[in-house]
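Trainee: What follows is work.cif, made up of mmCIF, C-alpha atoms:
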```cif
data_upload
loop_
_atom_site.label_atom_id
_atom_site.label_comp_id
_atom_site.auth_asym_id
_atom_site.auth_seq_id
_atom_site.Cartn_x
_atom_site.Cartn_y
_atom_site.Cartn_z
CA MET A 1 4.55 17.78 20.74
CA SER A 2 5.32 16.91 17.12
CA ASN A 3 8.60 15.15 17.94
CA ALA A 4 7.09 11.66 18.36
CA PHE A 5 5.15 12.00 15.11
CA LEU A 6 8.18 13.20 13.16
CA SER A 7 10.33 10.51 14.75
CA ALA A 8 7.94 7.85 13.46
CA ILE A 9 8.13 9.35 9.98
CA LYS A 10 11.93 9.33 10.08
CA GLU A 11 11.99 5.68 11.17
CA ARG A 12 9.74 4.42 8.36
CA ARG A 13 11.75 2.58 5.73
CA THR A 14 11.28 0.12 2.89
CA TYR A 15 11.87 -3.47 3.99
CA TYR A 16 12.22 -6.04 1.23
CA ALA A 17 13.49 -8.78 3.55
CA ILE A 18 10.46 -9.76 5.62
CA GLY A 19 9.45 -12.90 7.50
CA LYS A 20 6.39 -14.67 8.87
CA GLU A 21 7.17 -14.22 12.57
CA GLU A 22 4.11 -12.83 14.35
CA VAL A 23 5.53 -9.60 15.79
CA VAL A 24 2.09 -8.24 16.69
CA SER A 25 -1.34 -9.84 16.64
CA ARG A 26 -3.61 -9.83 13.63
CA GLU A 27 -6.12 -7.96 15.74
CA LYS A 28 -3.62 -5.14 16.29
CA ILE A 29 -2.96 -4.90 12.56
CA GLU A 30 -6.70 -4.77 11.91
CA GLU A 31 -6.99 -1.99 14.49
CA ILE A 32 -4.24 0.00 12.76
CA VAL A 33 -5.90 -0.38 9.37
CA ASN A 34 -9.35 0.50 10.69
CA ASP A 35 -8.10 3.64 12.42
CA ALA A 36 -6.06 4.68 9.39
CA VAL A 37 -9.01 4.26 7.02
CA LYS A 38 -11.30 6.11 9.40
CA TYR A 39 -9.08 9.11 10.12
CA THR A 40 -6.99 9.68 6.98
CA PRO A 41 -8.41 12.76 5.21
CA SER A 42 -10.09 12.67 1.82
CA SER A 43 -11.35 15.42 -0.48
CA PHE A 44 -14.94 16.49 0.22
CA ASN A 45 -14.79 13.89 3.01
CA SER A 46 -15.49 11.39 0.23
CA GLN A 47 -14.09 8.43 2.20
CA SER A 48 -13.41 6.64 -1.09
CA ALA A 49 -10.61 4.45 0.29
CA ARG A 50 -11.18 0.70 0.44
CA VAL A 51 -8.68 -1.71 1.99
CA VAL A 52 -8.30 -5.49 2.01
CA VAL A 53 -5.93 -7.15 4.49
CA LEU A 54 -4.66 -10.61 3.56
CA PHE A 55 -2.97 -12.82 6.15
CA GLY A 56 -1.05 -16.07 5.77
CA GLU A 57 -2.22 -18.27 2.92
CA GLN A 58 -4.46 -15.51 1.57
CA SER A 59 -1.43 -13.27 1.18
CA ASP A 60 0.53 -16.10 -0.43
CA LYS A 61 -2.33 -16.53 -2.89
CA LEU A 62 -2.03 -12.88 -3.95
CA TRP A 63 1.66 -13.20 -4.75
CA ASN A 64 1.08 -16.46 -6.62
CA ILE A 65 -1.54 -14.67 -8.72
CA THR A 66 0.99 -11.92 -9.38
CA ARG A 67 3.73 -14.44 -10.16
CA GLU A 68 1.64 -16.34 -12.70
CA THR A 69 0.36 -13.13 -14.28
CA LEU A 70 3.91 -11.90 -14.77
CA ARG A 71 5.05 -15.31 -16.04
CA LYS A 72 2.81 -14.75 -19.08
CA ILE A 73 4.55 -11.52 -20.05
CA VAL A 74 8.14 -11.82 -18.79
CA PRO A 75 10.46 -13.88 -21.05
CA ALA A 76 11.17 -17.29 -19.52
CA ASP A 77 14.94 -16.86 -19.73
CA SER A 78 14.78 -13.69 -17.60
CA PHE A 79 11.96 -14.66 -15.22
CA GLU A 80 14.09 -15.75 -12.25
CA PRO A 81 14.59 -12.25 -10.76
CA THR A 82 10.82 -11.72 -10.93
CA ASN A 83 10.26 -15.11 -9.32
CA GLU A 84 12.65 -14.19 -6.51
CA LYS A 85 10.77 -10.93 -5.94
CA MET A 86 7.50 -12.82 -5.58
CA ASP A 87 9.15 -15.22 -3.14
CA GLY A 88 10.28 -12.22 -1.12
CA PHE A 89 6.83 -10.66 -0.95
CA SER A 90 5.15 -13.96 -0.07
CA SER A 91 7.70 -14.59 2.68
CA GLY A 92 5.93 -11.97 4.78
CA TYR A 93 3.14 -12.18 7.32
CA GLY A 94 0.49 -10.48 5.21
CA THR A 95 -0.35 -7.91 2.55
CA VAL A 96 -2.48 -4.77 2.58
CA LEU A 97 -4.31 -3.99 -0.66
CA PHE A 98 -5.30 -0.38 -1.28
CA PHE A 99 -8.28 0.47 -3.47
CA GLU A 100 -10.27 3.56 -4.39
CA ASP A 101 -13.99 3.14 -5.01
CA GLN A 102 -14.67 4.63 -8.44
CA ALA A 103 -18.40 4.79 -7.72
CA VAL A 104 -17.64 7.47 -5.13
CA ILE A 105 -15.42 9.35 -7.59
CA ASP A 106 -18.09 9.15 -10.30
CA TYR A 107 -20.71 10.49 -7.88
CA LEU A 108 -18.54 13.47 -6.99
CA GLN A 109 -17.74 14.19 -10.63
CA THR A 110 -21.45 14.22 -11.47
CA ASN A 111 -22.55 16.32 -8.52
CA PHE A 112 -19.62 18.73 -8.39
CA ALA A 113 -18.92 19.06 -12.09
CA ALA A 114 -16.70 22.13 -11.71
CA TYR A 115 -14.11 19.91 -9.99
CA ALA A 116 -14.67 16.79 -12.12
CA ASP A 117 -11.11 16.61 -13.45
CA ASN A 118 -9.66 16.97 -9.95
CA PHE A 119 -11.46 14.16 -8.16
CA PRO A 120 -9.30 11.30 -9.57
CA VAL A 121 -6.19 13.30 -8.62
CA TRP A 122 -7.48 14.01 -5.11
CA SER A 123 -8.48 10.37 -4.77
CA ASN A 124 -4.90 9.27 -5.49
CA GLN A 125 -3.55 11.86 -3.06
CA SER A 126 -5.82 10.57 -0.32
CA SER A 127 -4.80 7.00 -1.07
CA GLY A 128 -1.14 8.01 -0.84
CA MET A 129 -1.74 9.50 2.59
CA LEU A 130 -3.49 6.33 3.72
CA GLN A 131 -0.65 4.15 2.46
CA PHE A 132 1.84 6.29 4.35
CA VAL A 133 -0.20 6.23 7.57
CA ILE A 134 -0.50 2.43 7.56
CA TRP A 135 3.12 1.92 6.51
CA THR A 136 4.40 4.16 9.31
CA ALA A 137 2.10 2.62 11.91
CA LEU A 138 3.19 -0.92 10.96
CA GLU A 139 6.82 0.12 11.35
CA GLN A 140 6.07 1.52 14.80
CA GLU A 141 4.89 -1.98 15.76
CA GLY A 142 8.20 -3.48 14.65
CA LEU A 143 7.04 -4.70 11.24
CA GLY A 144 8.74 -4.15 7.90
CA ALA A 145 6.84 -3.30 4.71
CA SER A 146 7.27 -2.11 1.15
CA LEU A 147 4.94 -0.59 -1.40
CA GLN A 148 4.34 -2.39 -4.70
CA HIS A 149 2.33 -1.60 -7.83
CA TYR A 150 1.36 -4.61 -9.92
CA ASN A 151 -1.94 -3.05 -10.83
CA PRO A 152 -3.62 -3.02 -13.28
CA LEU A 153 -2.16 -6.37 -14.39
CA ILE A 154 -3.68 -8.29 -11.47
CA ASP A 155 -6.83 -6.23 -10.87
CA ASP A 156 -9.42 -8.48 -12.45
CA GLU A 157 -8.18 -11.69 -10.86
CA VAL A 158 -7.83 -10.04 -7.45
CA LYS A 159 -11.41 -8.81 -7.56
CA ALA A 160 -12.66 -12.17 -8.77
CA THR A 161 -10.67 -14.17 -6.20
CA TRP A 162 -11.87 -12.19 -3.19
CA GLU A 163 -15.27 -11.27 -4.66
CA LEU A 164 -14.71 -7.54 -4.47
CA PRO A 165 -16.95 -4.90 -6.07
CA SER A 166 -16.19 -4.08 -9.69
CA THR A 167 -15.97 -0.38 -8.82
CA TRP A 168 -12.95 -0.89 -6.56
CA LYS A 169 -9.79 0.21 -8.37
CA LEU A 170 -6.56 -1.36 -7.10
CA ILE A 171 -3.96 1.30 -6.30
CA ALA A 172 -1.12 -0.45 -4.45
CA GLN A 173 -0.02 -3.55 -2.58
CA MET A 174 1.89 -3.51 0.71
CA PRO A 175 3.53 -6.79 1.77
CA PHE A 176 4.54 -6.73 5.43
CA GLY A 177 6.14 -9.01 7.98
CA SER A 178 8.82 -9.31 10.60
CA GLN A 179 11.98 -7.39 9.81
CA ALA A 180 14.31 -10.08 8.46
CA ALA A 181 17.16 -7.74 7.52
CA ALA A 182 17.95 -4.07 7.94
CA PRO A 183 17.09 -1.76 5.06
CA GLY A 184 19.87 -0.21 3.03
CA GLU A 185 21.27 3.25 3.60
CA LYS A 186 19.10 6.11 2.39
CA SER A 187 20.57 9.23 0.83
CA PHE A 188 18.99 12.67 0.85
CA ASN A 189 19.35 15.55 -1.56
CA PRO A 190 20.12 18.93 0.05
CA ILE A 191 16.99 20.15 1.79
CA ASP A 192 17.61 23.77 0.81
CA GLU A 193 17.18 22.73 -2.82
CA ARG A 194 13.78 21.23 -2.03
CA VAL A 195 12.28 23.72 0.41
CA LYS A 196 11.95 27.49 0.02
CA VAL A 197 10.97 29.70 2.97
CA PHE A 198 10.05 33.37 2.60
CA LYS A 199 9.76 35.59 5.68
#
```
As structure tokens, please, write out the structure in this file.
Mentor:
Amino acid sequence: MSNAFLSAIKERRTYYAIGKEEVVSREKIEEIVNDAVKYTPSSFNSQSARVVVLFGEQSDKLWNITRETLRKIVPADSFEPTNEKMDGFSSGYGTVLFFEDQAVIDYLQTNFAAYADNFPVWSNQSSGMLQFVIWTALEQEGLGASLQHYNPLIDDEVKATWELPSTWKLIAQMPFGSQAAAPGEKSFNPIDERVKVFK
């Protein structure tokens, strides 16, 4: 019964070469995101995850914000590789932005003080699960995606541009699109060095 699930996990890869071809409808992508947000577990059932999906020009706007933010801190004579990266991300069909609502975390820290130090950690773990669920589901639909982290550099402008609550903390960005080129080979360290089983 687990074979299909594990097969999907094995097939998920990082795609840097993505295109704007509409492989699946926007409605299907919204459905994937909605289901992932609804059913991905969170500590204390906090449901602290927040997601923004940007399509087309809205996604391009995000990567232009990121480009211009980085232009201010990357030396001009070495900016071209960064510029090419931004071109690559904006060449996709859309971008998923992952946030965690700090108001929820603060509430839990106040009301369950014994676990206060753990809630930010558990929040990040839950966000990681959500990112993986969406990433894998997008791949199952024939889309390519990668996971990027330009936060906190772009946080303030992102929240201002899309009028998002100040308590939403940006965790990651996932550009996605049609698979324009196959991902590179992936190597694996010996599994017996990474897993111990005691019977």
Trainee: Just want the 8 Å neighbourhood of region 35-38 of chain A, counted on only C-alpha atoms, with same-chain residues fewer than 6 positions away dropped. Output as an mmCIF file with C-alpha atoms, in the coordinates of the input.
Mentor:
```
data_model
loop_
_atom_site.group_PDB
_atom_site.id
_atom_site.type_symbol
_atom_site.label_atom_id
_atom_site.label_comp_id
_atom_site.auth_asym_id
_atom_site.auth_seq_id
_atom_site.Cartn_x
_atom_site.Cartn_y
_atom_site.Cartn_z
ATOM 1 C CA ALA A 49 -10.610 4.450 0.290
ATOM 2 C CA ARG A 50 -11.180 0.700 0.440
ATOM 3 C CA VAL A 51 -8.680 -1.710 1.990
ATOM 4 C CA LEU A 130 -3.490 6.330 3.720
ATOM 5 C CA VAL A 133 -0.200 6.230 7.570
ATOM 6 C CA ILE A 134 -0.500 2.430 7.560
#
```
Trainee: Might you spell out which residues the PyMOL selection byres ((chain A and resi 42) around 12) would select in the displayed file, as number ranges by chain?
Mentor: A: 36-41, 43-49, 100, 104-105, 119-130
Trainee: For Tyr93 (chain A), which residue among A:Asn34, A:Asn3, A:Ser59, A:Thr66 is the nearest when counting only C-alpha atoms?
Mentor: A:Ser59
Trainee: Between CA of Val23 (chain A) and CA of Gln140 (chain A), what is the distance in Å, rounded to a tenth?
Mentor: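 Here the two named atoms are 11.2 Å from each other.
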Trainee: Listing only residues of region 73-128 of chain A within 12 Å of region 159-167 of chain A, what is the closest atom pair and its distance in Å (to one decimal) for each, using only C-alpha atoms, sorted by chain and residue number ascending, as CSV?
Mentor:
```
residue,atom,partner,partner_atom,distance
A:Leu97,CA,A:Lys159,CA,11.0
A:Phe99,CA,A:Thr167,CA,9.4
A:Glu100,CA,A:Thr167,CA,8.2
A:Asp101,CA,A:Thr167,CA,5.6
A:Gln102,CA,A:Thr167,CA,5.2
A:Ala103,CA,A:Thr167,CA,5.8
A:Val104,CA,A:Thr167,CA,8.8
A:Ile105,CA,A:Thr167,CA,9.8
A:Asp106,CA,A:Thr167,CA,9.9
A:Tyr107,CA,A:Thr167,CA,11.9
```
Trainee: Please, could you write that set of residues out with C-alpha atoms as an mmCIF file, in the coordinates of the input?
Mentor:
```cif
data_model
loop_
_atom_site.group_PDB
_atom_site.id
_atom_site.type_symbol
_atom_site.label_atom_id
_atom_site.label_comp_id
_atom_site.auth_asym_id
_atom_site.auth_seq_id
_atom_site.Cartn_x
_atom_site.Cartn_y
_atom_site.Cartn_z
ATOM 1 C CA LEU A 97 -4.310 -3.990 -0.660
ATOM 2 C CA PHE A 99 -8.280 0.470 -3.470
ATOM 3 C CA GLU A 100 -10.270 3.560 -4.390
ATOM 4 C CA ASP A 101 -13.990 3.140 -5.010
ATOM 5 C CA GLN A 102 -14.670 4.630 -8.440
ATOM 6 C CA ALA A 103 -18.400 4.790 -7.720
ATOM 7 C CA VAL A 104 -17.640 7.470 -5.130
ATOM 8 C CA ILE A 105 -15.420 9.350 -7.590
ATOM 9 C CA ASP A 106 -18.090 9.150 -10.300
ATOM 10 C CA TYR A 107 -20.710 10.490 -7.880
#
```
Trainee: Pull out every residue that the PyMOL selection byres ((chain A and resi 182-196) around 6) matches in the shown coordinates and put them as a PDB file with C-alpha atoms, in the coordinates of the input.
Mentor:
```pdb
ATOM      1  CA  TYR A  15      11.870  -3.470   3.990  1.00  0.00           C
ATOM      2  CA  ALA A 181      17.160  -7.740   7.520  1.00  0.00           C
ATOM      3  CA  VAL A 197      10.970  29.700   2.970  1.00  0.00           C
TER       4      VAL A 197
END
```
Trainee: Tell me, in Å to one decimal, how far CA of Val53 (chain A) is from CA of Thr95 (chain A).
Mentor: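 Pair CA of Val53 (chain A) / CA of Thr95 (chain A) returns 6.0 Å.
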Trainee: Produce the centre coordinates and the three edge lengths, each in Å to one decimal, of the box along x, y and z that contains all listed atoms of region 20-25 of chain A with 6 Å added on each side, as lines of an AutoDock Vina configuration file.
Mentor:
```
center_x = 2.9
center_y = -11.5
center_z = 12.8
size_x = 20.5
size_y = 18.4
size_z = 19.8
```
Trainee: Given only C-alpha atoms as the basis, pick out the residue of A:Ile73, A:Val96, A:Leu147, A:Ile65 nearest to Arg12 (chain A).
Mentor: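 Among the listed residues, A:Leu147 lies closest to Arg12 (chain A).
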Trainee: Which is closest to Phe55 (chain A) among A:Ile29, A:Ala8, A:Ala137, A:Ala145, if we use all atoms listed in the file?
Mentor: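 The shortest atom-to-atom distance to Phe55 (chain A) comes from A:Ile29.
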Trainee: Distance CA of Gly142 (chain A)-CA of Ser178 (chain A), one decimal place?
Mentor: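 Separating CA of Gly142 (chain A) from CA of Ser178 (chain A) is a distance of 7.1 Å.
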Trainee: Closest to Leu138 (chain A) among A:Gln179, A:Asn83, A:Ser78, A:Gln109, using all atoms listed in the file?
Mentor: A:Gln179
